[in-house]
Amino acid sequence: MKQREITFYSEGTKMVGNIYLPDDYKEGEKRPGIVANSGWTGVNKVYPAMFARQMTARGFVCMGFDYRGFKPSGGISGMDKYTTLEMEIDDINNAVTFFKHQPEVDADHIALIGWGVGGAVCIAAAHRDKTVKAVATLNSFTDGRRWMRMGMGNDKFNKMLRTLEEDKYKRVTTGDPVLRHPYEFYPNIDESGDFYVEKTLKNLNGGVKDDIEVECGESFPTPMSSVIAESFVRFNVQDILPKLAPDCAVFVGHGKYNELHDKEEAEDAYRLANEPKQLYYVDGKHNEWMFDEDPKLGGLCDAMAEFFRDHI
């Protein structure tokens with residue numbers, strides 16, 4: 001895979017990412033393009049780069065980037081650890097605008113891939129930009145409040161809401177963004193969160209965790225403002241999904257035994273979307289199969305590539 005670093009701006013914030021090209025790409029070609037997007041605490045060099053390796057091998061031009069608040073991309077002045085899912089929609093839409101103008105990209109044939117929380121965000125981004133012809137929402141959700149309550153249970157969920165209200169009051173009265181560990185308010189994170197950091201990040205590409213500390217001067221995962229958790233609770237794409245067709249086709253991919261995002265969320269997304277659509281189950285959980293050589297990842301990417309060829 002060939003790649004080059006790029007920068008663009010999202011509502012005034014400098015964003016950093018990469019254009020990824022197939023090994024057989026020839027100068028002057030224009031190919032269908034995919035913008036691959038992270039989930040929560042995701043960074044470009046992990047899952048967007050992984051999807052780019054998979055999808056460039058299948059002939060697509062790809063782009064990945066870090067959302068605002070995640071270095072090396074910038075953040076809001078004075079509150080660089082402050083972001084919401086709504087802000088990530090802006091980031092993705094601005095990324096698509098930049099991507100469409102790259103010389104390697106056929107601007108009439110663009111798709112989005114969203115991993116985890118990023119899947120729901122990509123659904124909303126695709127609804128805004130009618131030039132996006134297909135979206136893949138992977139291991140995601142449709143109703144944030146339901147997902148969080150289901151994963152936490154009523155007691156923990158209601159305790160979180162009280163804490164978030166206290167944090168919100170502190171923000172509006174002091175200007176303090178109130179930084180917390182990003183997994184503090186993420187449902188059922190213990191098993192997959194430990195796996196993600198201890199196995200995936202430390203082993204992928206020779207140790208992404210160490211690379212991030214060197215490049216960004218901070219450990220991973222970095223504390224973020226608890227405002228992001230507020231946006232999890234209010235984020236809901238159930239009304240959006242039926243409106244994507246006929247402009248945008250919907251691919252729903254989900255781990256059959258996912259403990260972070262119950263497969264009910266995938267079933268809901270598929271039910272609500274209109275044709276063309278596809279539901280694909282991976283015989284696994286959330287991220288224990290997310291390695292380049294795992295046949296489960298290969299099978300998912302084969303299915304996505306076929307879907308994108310048919311619909312973008």
# chains A, B, ... in the order shown; residues from 1 in each chain; ligands from 1
call {"tool": "residues_around", "arguments": {"residues": "A:Asp268", "least_positions_apart": "3", "cutoff": "9 Å", "atoms": "only C-alpha atoms", "output": "list of chain:residue names"}}
result
A:Phe141, A:Thr142, A:Gln238, A:Lys263, A:Glu264, A:Glu265, A:Arg271, A:Leu272, A:Ala273
call {"tool": "residues_around", "arguments": {"residues": "stretch 108-116 of chain A", "least_positions_apart": "3", "cutoff": "8 Å", "atoms": "only C-alpha atoms", "output": "VMD selection string"}}
result
chain A and resid 31 to 40 47 100 119 to 122 126 131 to 141 308 312
call {"tool": "select_by_dssp", "arguments": {"residues": "stretch 11-234 of chain A", "states": "helix (DSSP H, G or I)", "output": "MDAnalysis selection string"}}
result
chainID A and resid 47:56 85:100 117:128 144:152 154:174 189:206 208:216 227:234
call {"tool": "closest_residue", "arguments": {"among": "A:Gly175, A:Gly144, A:Gly153, A:Pro242", "to": "A:Glu230", "atoms": "only C-alpha atoms"}}
result
A:Gly144
call {"tool": "closest_residue", "arguments": {"among": "A:Gly69, A:Gly28, A:Pro48, A:Gly151", "to": "A:Met290", "atoms": "only C-alpha atoms"}}
result
A:Pro48
call {"tool": "atom_distance", "arguments": {"atom1": "atom CA of A:Phe70", "atom2": "atom CA of A:Val43"}}
result
7.2 Å
call {"tool": "closest_residue", "arguments": {"among": "A:Ser10, A:Thr173, A:Thr41, A:Asn154", "to": "A:Ile92", "atoms": "only C-alpha atoms"}}
result
A:Ser10
call {"tool": "atom_distance", "arguments": {"atom1": "atom CA of A:Met15", "atom2": "atom CA of A:Val46"}}
result
16.4 Å
call {"tool": "closest_residue", "arguments": {"among": "A:Asn158, A:Thr56, A:Thr84, A:Asn18", "to": "A:Phe99", "atoms": "only C-alpha atoms"}}
result
A:Asn18
call {"tool": "select_by_dssp", "arguments": {"residues": "stretch 87-310 of chain A", "states": "strand (DSSP E)", "output": "PyMOL selection string"}}
result
chain A and resi 105-115+132-138+179-180+224-225+249-255+277-282
call {"tool": "write_last_selection", "arguments": {"atoms": "C-alpha atoms", "output": "PDB file, in the first residue's frame"}}
result
ATOM      1  CA  VAL A 105     -10.360   9.807  -6.427  1.00  0.00           C
ATOM      2  CA  ASP A 106     -13.469   9.386  -8.558  1.00  0.00           C
ATOM      3  CA  ALA A 107     -15.659  11.939  -6.781  1.00  0.00           C
ATOM      4  CA  ASP A 108     -18.860  10.306  -8.043  1.00  0.00           C
ATOM      5  CA  HIS A 109     -18.068   7.016  -6.289  1.00  0.00           C
ATOM      6  CA  ILE A 110     -17.465   7.588  -2.561  1.00  0.00           C
ATOM      7  CA  ALA A 111     -18.217   5.345   0.445  1.00  0.00           C
ATOM      8  CA  LEU A 112     -17.740   5.605   4.198  1.00  0.00           C
ATOM      9  CA  ILE A 113     -16.630   2.940   6.678  1.00  0.00           C
ATOM     10  CA  GLY A 114     -17.349   3.612  10.344  1.00  0.00           C
ATOM     11  CA  TRP A 115     -16.059   1.377  13.114  1.00  0.00           C
ATOM     12  CA  VAL A 132     -21.797   9.505  -0.430  1.00  0.00           C
ATOM     13  CA  LYS A 133     -23.115   6.455  -2.266  1.00  0.00           C
ATOM     14  CA  ALA A 134     -22.691   3.790   0.448  1.00  0.00           C
ATOM     15  CA  VAL A 135     -21.948   3.552   4.147  1.00  0.00           C
ATOM     16  CA  ALA A 136     -20.708   0.587   6.179  1.00  0.00           C
ATOM     17  CA  THR A 137     -21.623   0.736   9.858  1.00  0.00           C
ATOM     18  CA  LEU A 138     -19.579  -1.866  11.745  1.00  0.00           C
ATOM     19  CA  LEU A 179     -11.324  15.461  31.710  1.00  0.00           C
ATOM     20  CA  ARG A 180     -11.995  11.796  32.444  1.00  0.00           C
ATOM     21  CA  MET A 224     -11.077  13.524  27.175  1.00  0.00           C
ATOM     22  CA  SER A 225     -13.846  15.835  28.292  1.00  0.00           C
ATOM     23  CA  ALA A 249     -26.757   2.050   0.304  1.00  0.00           C
ATOM     24  CA  VAL A 250     -26.253   0.647   3.827  1.00  0.00           C
ATOM     25  CA  PHE A 251     -23.961  -2.222   4.828  1.00  0.00           C
ATOM     26  CA  VAL A 252     -24.363  -3.401   8.442  1.00  0.00           C
ATOM     27  CA  GLY A 253     -21.520  -5.533   9.806  1.00  0.00           C
ATOM     28  CA  HIS A 254     -21.517  -6.836  13.369  1.00  0.00           C
ATOM     29  CA  GLY A 255     -19.843  -9.343  15.657  1.00  0.00           C
ATOM     30  CA  LYS A 277     -28.836  -2.901   2.188  1.00  0.00           C
ATOM     31  CA  GLN A 278     -26.964  -5.905   3.583  1.00  0.00           C
ATOM     32  CA  LEU A 279     -26.502  -7.454   7.038  1.00  0.00           C
ATOM     33  CA  TYR A 280     -23.257  -9.358   7.600  1.00  0.00           C
ATOM     34  CA  TYR A 281     -22.355 -11.164  10.837  1.00  0.00           C
ATOM     35  CA  VAL A 282     -18.784 -11.865  11.898  1.00  0.00           C
TER      36      VAL A 282
END
call {"tool": "atom_distance", "arguments": {"atom1": "atom CA of A:Leu260", "atom2": "atom CA of A:Ile123"}}
result
19.1 Å
call {"tool": "closest_residue", "arguments": {"among": "A:Leu300, A:Cys248, A:Val172, A:Met160", "to": "A:Lys130", "atoms": "only C-alpha atoms"}}
result
A:Cys248
call {"tool": "closest_residue", "arguments": {"among": "A:Lys168, A:Tyr20, A:Gly12, A:Cys62", "to": "A:Asp90", "atoms": "only C-alpha atoms"}}
result
A:Gly12
